Amino acid sequence: MQWESSEARFQEKIDQEIKIEPKDWMPEKYRQTLIRQISQHAHSECVGMLPEANWITRAPSLRRKAILIAKVQDEAGHGLYLYSAAETLGISRDEMYDQLHSGKAKYSSIFNYPTLTWADMGAIGWLVDGAAIMNQVPLCRTSYGPYARAMVRICKEESFHQRQGFELLLHLSKGNEAQRRMCQDAINRWWWPSIMMFGPTDDASPNTQQSMKWKIKRFTNDELRQKFIDVCAEQVKFLGMTLPDPDLKWNEERGHYDFGTINWEEFWQVIGGNGPCNQQRLDTRKKAWEEGAWVREAAAAYAEKKKARTPVQQIA
Amino acid sequence: MIRKFYYGDYGESKHGAADISTTNQNKHEWPLWEVFIRSKQGLDHKHAGSLHAADAAMAIENARDVYTRRQEGVSIWVVESKHIHASNPDEAGSFYDPASDKVYRHPTFYDLPDELQYM
Ligand SMILES: [Fe+2]
Ligand SMILES: [Fe+2]
């Protein structure tokens, strides 16, 4: 009975839009759902650095290179904000890394696609960061305080990611024939994976309903996907390019764009580990982790030694 | 009355993050630090988030890279999370109760003529 009343009081707080903080009572399932969602989100930010890092050394100008480095560094920051938000729920950083490296934890399927040309840097900024923003803005009001605060910080930084990507494509779209072709080709390859980023359709998302009740999520996958498609269908016109969907057309009655069928078979294959770059991404992560081990150990040993030698420093 | 809880602690049943990452079982992991940032001269330091670092100097450097990439701060404090003591949310009702019935502590409690000036 004690449990029942705690649960009721918890739901009451949620309904009144009172944030849940780390030490507050929460249902175990809420805690688990958040750990899963936040850590997956953190993994996505970290793995998300890899496809773009691939082009840092080959950026066509110093300006573009500085921008790309800044963006990739932001994504590292996003991963760190989110890992520490997840840690407030009682999982350790190493446990989360373990889950990622062992393949137990999932991350966004989008980062398992290869970045074949420079135009992909533009398409990723516009579409991938764009889809991420669509997902992330409502998360700024999610019911768990540390997650919401991390998302506020992330959203402030994401806007430049999308704008630099669109600007890059805009430049290519005004370039020569080869540049325009490269631009269209990148859009063609990134469009469908981007709209898959919103996850399975509502009737195939088992977690959505409970997550809505707990206000972890504010909108369903399909609602956000539709919003994204509506926005992109207009934006692409500025590029003089097209989205690779013959069924994409404005539906006056619905007030939305209709779109073609998503290849869910591909989505599940990529999520399941069989995407074009799954193995490569995980191997890169693991290699970085293993090869950094001596640095972590040396720093820890140095800190121990210093602590033994010098008295605690008063800073404040 | 005030029980010790780590930042990020989750009730009794499960150890909090600071616990996990600073106990011996996980001694490989660098300890967790809480970061406080003064956004400009004249303002208080405000909690910004947390991060892992081997020592205080590294925590401050990491905090600069993680939390002030866009000039969000002019001063950083870091404190190892295990040193933070906090009030217990389960007792928040009774703990803060003594202040709830003392409306006379607010200036609006006092009924004075509208014509009275500079007060
Ligand atoms: Fe990000
Ligand atoms: Fe981003």
# chains A, B, ... in the order shown; residues from 1 in each chain; ligands from 1
$ interface_residues --of "chain A" --to "chain B" --cutoff "6 Å" --atoms "only C-alpha atoms" --output "ChimeraX atom specification"
/A:22-23,77,87-88,90,92,299-300,303
$ residues_near_ligand --ligand "ligand 2" --cutoff "6 Å" --atoms "only C-alpha atoms and all ligand atoms" --output "ChimeraX atom specification"
/A:75,129,158,161
$ residues_near_ligand --ligand "ligand 1" --cutoff "10 Å" --atoms "only C-alpha atoms and all ligand atoms" --output "count of residues only"
28
$ residues_around --residues "Asp222 in chain A" --least-positions-apart "4" --cutoff "7 Å" --atoms "only C-alpha atoms" --output "CSV table (one decimal) with N, CA, C and O atoms, in the first residue's frame"
chain,number,residue,atom,x,y,z
A,201,THR,N,7.1,3.3,-36.0
A,201,THR,CA,5.8,4.0,-36.0
A,201,THR,C,5.1,3.8,-34.6
A,201,THR,O,5.5,2.9,-33.9
A,202,ASP,N,4.2,4.6,-34.3
A,202,ASP,CA,3.5,4.6,-33.0
A,202,ASP,C,3.0,3.2,-32.6
A,202,ASP,O,3.1,2.8,-31.5
A,226,GLN,N,6.4,13.6,-38.9
A,226,GLN,CA,5.5,14.3,-39.8
A,226,GLN,C,6.0,15.8,-39.8
A,226,GLN,O,6.1,16.4,-40.8
$ atom_distance --atom1 "CA of Tyr113 in chain A" --atom2 "CA of Gln280 in chain A"
10.3 Å
$ select_by_dssp --residues "range 67-136 of chain A" --states "helix (DSSP H, G or I)" --output "ChimeraX atom specification"
/A:67-87,93-101,109-112,119-136
$ closest_residue --among "A:Val231, A:Asn112, A:Gly240, A:Gln11" --to "Gln269 in chain A" --atoms "only C-alpha atoms"
A:Asn112
$ residues_around --residues "Leu169 in chain A" --least-positions-apart "2" --cutoff "7 Å" --atoms "only C-alpha atoms" --output "list in words"
Ala119, Gly122, Gly165, Phe166, Glu167, His171, Leu172, Ser173 and Cys183 of chain A
